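Report on the structure given below.
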Amino acid sequence: MAEISLTVNGERTAAQVDPRTLLSDFLRDGLGLTGTHVGCEHGYCGACTVLVDGASARSCLMLAIQADARSVETVESLSANGAGLHPIQLAFKDCHGLQCGFCTPGLLMSVVELAATNPACSRDEIREHLSGHLCRCTGYHHIVDAVERALDSATGRADDN
Amino acid sequence: MKPPRFAYHAPRTLPELLETLNETADEAVVLAGGQSLLPMLNLRLAAPSHVIDLGRVPGLDSIASTNGSVEVGAMVTHYRMETDAVVAASVPLARRAAGYVGYRAIRNRGTVGGSVAHADPAAEWPIVLLALDGEVGLASVRGWRSITAEDFFESVYTTAKRPDEIVTSLRFSTRCAHRWGFSEFQRRTGDFATVAVAVACAVEAGEICEARVAIAGVADRPVRCREAEAALVGGSATAAADAAEAASDSVDPISDIHGSSAFRKRLVHAETLRAARQAFSANEAGARDG
């Protein structure tokens, strides 16, 4: 076991981990943050996507010990303390960007990154950015609509939906 | 779908890292960005006794333009290659290829050194290295050496890197960096290439005097196609088509779940044609897909 110390959703956390523990399992089982979903466990589906130092990462393709001294944000950071839905979550709700919701936490965190790094992007760029996420319910169109709406309201761009 | 047990090492300096690797070489794997290694651990395709993490070793993530080449530290991520100003100005082919690697979350963590050390024959960096007459820098307790890309890639997941060595850097020559093309076919965005082609040309007095064509996805390693390169030199009106024909004729790809041999030969023709046309269009500032 090894001692790690990291920031998760703004809170300093220290824990003992087995070096082989994946970040995804540490978040879910160690910290009880079950919003991060585990799908394929080999980096393909995107459900477990979180932000590490602000950049999207597959939490199933990272050891928890690699997150030592880093800052991790999970989907729980979006509406902390029951503060209501985050604008990106609202857009997903309003545009029917989810059905079963399994892929949604990972998608939301990718969209947080997109909003921070390229908020004025085109629909094609949205699709490219989300290409690492599998959704078996929506057929993706409503997800792209939701992201477009979220970015439009964040940037004040005209809403053409 | 969980990694097997291993001893984890996070050395803080390169000498400490090389010492640890030297002691454990036959039973160790080196963890760079982890975007190939972690899936292999999760699927238990790899079961090393020791995992040595490069993530805390300083000095492996610089990008420097030197006389006639760009040297990139092994821990530079794909995403940095996609967004770095030196890369964009000096080796724009590398910037273009970076965008084809995986998805954003993969590109944020995956590294160029990890990619070439892993040596997937359908990966982008190996053909970029071949096209830009690149070299791989290797370090061990025995010292440092550099090896050409052509000698480095030996077979599927197999390189000339010895078990006690790590990849420390990639060096891309800028000699052929000014006219270039890159074209790739992938079933889904972010997949490994079914076929990818990189073309890089040197220009003298307005004429193509040297051309390099490298192809991924058609053999057990990235391959150069000399016949296609010869067709591009001089840049005749039919050069791109001749190069595509020559490239397609030169390969004998395997059939697998991603595509039959005949399909891959057709793809080599199409992607070589596209990459060569990009190289022939004035793309000093970076071409768009042709």
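As shown in the structure tokens, the chain order sets the letters A, B, ...; within each chain, residues go from 1, and ligands are also counted from 1 in the order they appear.
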What are the residues of chain B that have an atom within 6 Å of an atom of chain A, counting only C-alpha atoms, as a count of residues only?
5
Run DSSP on the backbone and tell me which residues of stretch 35-129 of chain A come out as strand (DSSP E); list them as JSON, numbers by chain.
{"A": [49, 50, 51, 52, 55, 56, 57, 58, 71, 72, 73]}
Save out the residues we just selected, N, CA and C atoms, as a PDB file, in the first residue's frame.
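Dumped everything to part_28.pdb:
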ATOM      1  N   THR A  49     -14.622   9.107 -17.887  1.00  0.00           N
ATOM      2  CA  THR A  49     -13.808  10.302 -18.096  1.00  0.00           C
ATOM      3  C   THR A  49     -13.945  11.300 -16.949  1.00  0.00           C
ATOM      4  N   VAL A  50     -12.815  11.742 -16.429  1.00  0.00           N
ATOM      5  CA  VAL A  50     -12.761  12.787 -15.395  1.00  0.00           C
ATOM      6  C   VAL A  50     -11.758  13.838 -15.859  1.00  0.00           C
ATOM      7  N   LEU A  51     -11.624  14.906 -15.120  1.00  0.00           N
ATOM      8  CA  LEU A  51     -10.579  15.883 -15.420  1.00  0.00           C
ATOM      9  C   LEU A  51      -9.433  15.714 -14.424  1.00  0.00           C
ATOM     10  N   VAL A  52      -8.215  15.643 -14.948  1.00  0.00           N
ATOM     11  CA  VAL A  52      -7.019  15.603 -14.106  1.00  0.00           C
ATOM     12  C   VAL A  52      -6.215  16.855 -14.420  1.00  0.00           C
ATOM     13  N   ALA A  55      -7.552  18.573 -17.500  1.00  0.00           N
ATOM     14  CA  ALA A  55      -7.573  17.920 -18.811  1.00  0.00           C
ATOM     15  C   ALA A  55      -8.290  16.571 -18.704  1.00  0.00           C
ATOM     16  N   SER A  56      -9.103  16.264 -19.704  1.00  0.00           N
ATOM     17  CA  SER A  56      -9.868  15.024 -19.638  1.00  0.00           C
ATOM     18  C   SER A  56      -8.938  13.823 -19.644  1.00  0.00           C
ATOM     19  N   ALA A  57      -9.341  12.816 -18.868  1.00  0.00           N
ATOM     20  CA  ALA A  57      -8.555  11.588 -18.792  1.00  0.00           C
ATOM     21  C   ALA A  57      -9.511  10.438 -18.507  1.00  0.00           C
ATOM     22  N   ARG A  58      -9.161   9.286 -19.055  1.00  0.00           N
ATOM     23  CA  ARG A  58      -9.902   8.073 -18.738  1.00  0.00           C
ATOM     24  C   ARG A  58      -9.464   7.614 -17.349  1.00  0.00           C
ATOM     25  N   SER A  71      -4.931  17.291  -9.180  1.00  0.00           N
ATOM     26  CA  SER A  71      -6.284  17.729  -8.885  1.00  0.00           C
ATOM     27  C   SER A  71      -7.246  16.992  -9.818  1.00  0.00           C
ATOM     28  N   VAL A  72      -8.226  16.313  -9.233  1.00  0.00           N
ATOM     29  CA  VAL A  72      -9.171  15.520 -10.018  1.00  0.00           C
ATOM     30  C   VAL A  72     -10.567  16.109  -9.863  1.00  0.00           C
ATOM     31  N   GLU A  73     -11.272  16.239 -10.985  1.00  0.00           N
ATOM     32  CA  GLU A  73     -12.669  16.667 -10.915  1.00  0.00           C
ATOM     33  C   GLU A  73     -13.559  15.598 -11.531  1.00  0.00           C
TER      34      GLU A  73
END
May I ask for the distance between atom CA of B:Arg107 and atom CA of B:Arg221, given in Å to one decimal place?
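Rounded to one decimal, the two atoms are 22.1 Å apart.
The two atoms in question, atom CA of B:Val141 and atom CA of B:Leu18, are spaced 5.6 Å apart.
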Distance criterion (only C-alpha atoms): nearest to A:Val147 out of A:Leu98, A:Leu33, A:Ile88, A:Cys135
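Smallest distance to A:Val147 is found for A:Ile88.
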So the first atom is atom CA of B:Gly259 and the second is atom CA of B:Ser36; what is the distance between them in Å, to one decimal place?
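We find that atom CA of B:Gly259 and atom CA of B:Ser36 lie 22.1 Å from each other.
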If you run DSSP over the backbone, which residues in stretch 40-154 of chain B end up alpha helix (DSSP H)? Put them as number ranges by chain.
B: 40-42, 78-83, 85-90, 92-98, 104-109, 112-118, 124-131, 149-152
Counting only C-alpha atoms, the option among A:Ile4, A:Cys103, A:Ala15, A:Ala64 closest to A:Gly35:
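Ranking A:Ile4, A:Cys103, A:Ala15, A:Ala64 by distance to A:Gly35, first place goes to A:Cys103.
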When you look at stretch 260-276 of chain B with a cut-off of 8 Å (counting only C-alpha atoms), what residues show up, excluding the ones that are within fewer than 2 positions of it in the same chain? I need them as a PDB file with C-alpha atoms, in the first residue's frame.
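And here's selection.pdb as it stands now:
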ATOM      1  CA  TRP B 180       4.202  17.088 -46.584  1.00  0.00           C
ATOM      2  CA  GLY B 181       0.993  15.148 -46.524  1.00  0.00           C
ATOM      3  CA  PHE B 182      -0.758  12.854 -44.086  1.00  0.00           C
ATOM      4  CA  SER B 183      -3.833  10.790 -44.760  1.00  0.00           C
ATOM      5  CA  GLU B 184      -5.405   8.065 -42.702  1.00  0.00           C
ATOM      6  CA  PHE B 185      -8.391   5.768 -42.903  1.00  0.00           C
ATOM      7  CA  THR B 194      -6.534   0.695 -40.996  1.00  0.00           C
ATOM      8  CA  VAL B 195      -4.005   2.339 -43.315  1.00  0.00           C
ATOM      9  CA  ALA B 196      -2.170   5.644 -42.866  1.00  0.00           C
ATOM     10  CA  VAL B 197       0.361   7.291 -45.165  1.00  0.00           C
ATOM     11  CA  ALA B 198       2.853  10.060 -44.392  1.00  0.00           C
ATOM     12  CA  VAL B 199       4.650  11.890 -47.197  1.00  0.00           C
ATOM     13  CA  ILE B 215       2.916   3.554 -44.526  1.00  0.00           C
ATOM     14  CA  VAL B 218       0.258  -2.949 -43.994  1.00  0.00           C
ATOM     15  CA  LEU B 232       7.476  11.844 -56.330  1.00  0.00           C
ATOM     16  CA  ALA B 240       0.998  11.610 -57.176  1.00  0.00           C
ATOM     17  CA  ALA B 241      -0.874   8.985 -59.183  1.00  0.00           C
ATOM     18  CA  ALA B 243       3.343   7.156 -56.323  1.00  0.00           C
ATOM     19  CA  ALA B 244      -0.080   5.828 -55.308  1.00  0.00           C
ATOM     20  CA  GLU B 245       0.198   3.033 -57.878  1.00  0.00           C
ATOM     21  CA  ALA B 247       2.800   2.211 -53.093  1.00  0.00           C
ATOM     22  CA  SER B 248      -0.187  -0.042 -53.621  1.00  0.00           C
ATOM     23  CA  ASP B 249       1.879  -2.465 -55.754  1.00  0.00           C
ATOM     24  CA  VAL B 251       2.603  -3.768 -50.197  1.00  0.00           C
ATOM     25  CA  ASP B 252       1.291  -7.217 -49.379  1.00  0.00           C
ATOM     26  CA  PRO B 253      -0.915  -6.544 -46.355  1.00  0.00           C
ATOM     27  CA  ILE B 254      -2.462  -9.183 -44.155  1.00  0.00           C
ATOM     28  CA  SER B 255      -6.195  -9.681 -43.927  1.00  0.00           C
ATOM     29  CA  ASP B 256      -7.741  -9.263 -40.513  1.00  0.00           C
ATOM     30  CA  ILE B 257     -10.979  -8.215 -38.832  1.00  0.00           C
ATOM     31  CA  HIS B 258     -10.348  -4.568 -39.793  1.00  0.00           C
ATOM     32  CA  GLN B 278      -1.374  17.523 -50.048  1.00  0.00           C
ATOM     33  CA  ALA B 279       2.402  17.575 -50.369  1.00  0.00           C
ATOM     34  CA  PHE B 280       2.144  19.020 -53.883  1.00  0.00           C
ATOM     35  CA  ASP B 289      -7.216  17.353 -46.063  1.00  0.00           C
ATOM     36  CA  GLY B 290      -6.909  16.850 -49.829  1.00  0.00           C
TER      37      GLY B 290
END
Which residue is closest to A:Gln99? Choose from A:Ala14, A:Cys137, A:Val38, A:Leu27 and count only C-alpha atoms.
A:Cys137
Excluding B:Leu138 and its own-chain neighbours fewer than 4 positions away, which residues fall within 8 Å of it when counting only C-alpha atoms? Please give them as a PyMOL selection string.
chain B and resi 144-147+161+165-169
Please, could you write that set of residues out with C-alpha atoms as a tab-separated table (two decimals), in the first residue's frame?
chain	number	residue	atom	x	y	z
B	144	TRP	CA	22.91	7.11	-24.23
B	145	ARG	CA	22.53	6.19	-27.87
B	146	SER	CA	20.51	7.24	-30.85
B	147	ILE	CA	19.08	4.91	-33.47
B	161	LYS	CA	15.22	-0.94	-27.50
B	165	GLU	CA	16.74	1.10	-21.90
B	166	ILE	CA	14.06	3.75	-22.04
B	167	VAL	CA	13.11	6.01	-24.93
B	168	THR	CA	14.15	9.52	-23.89
B	169	SER	CA	13.45	11.53	-27.02
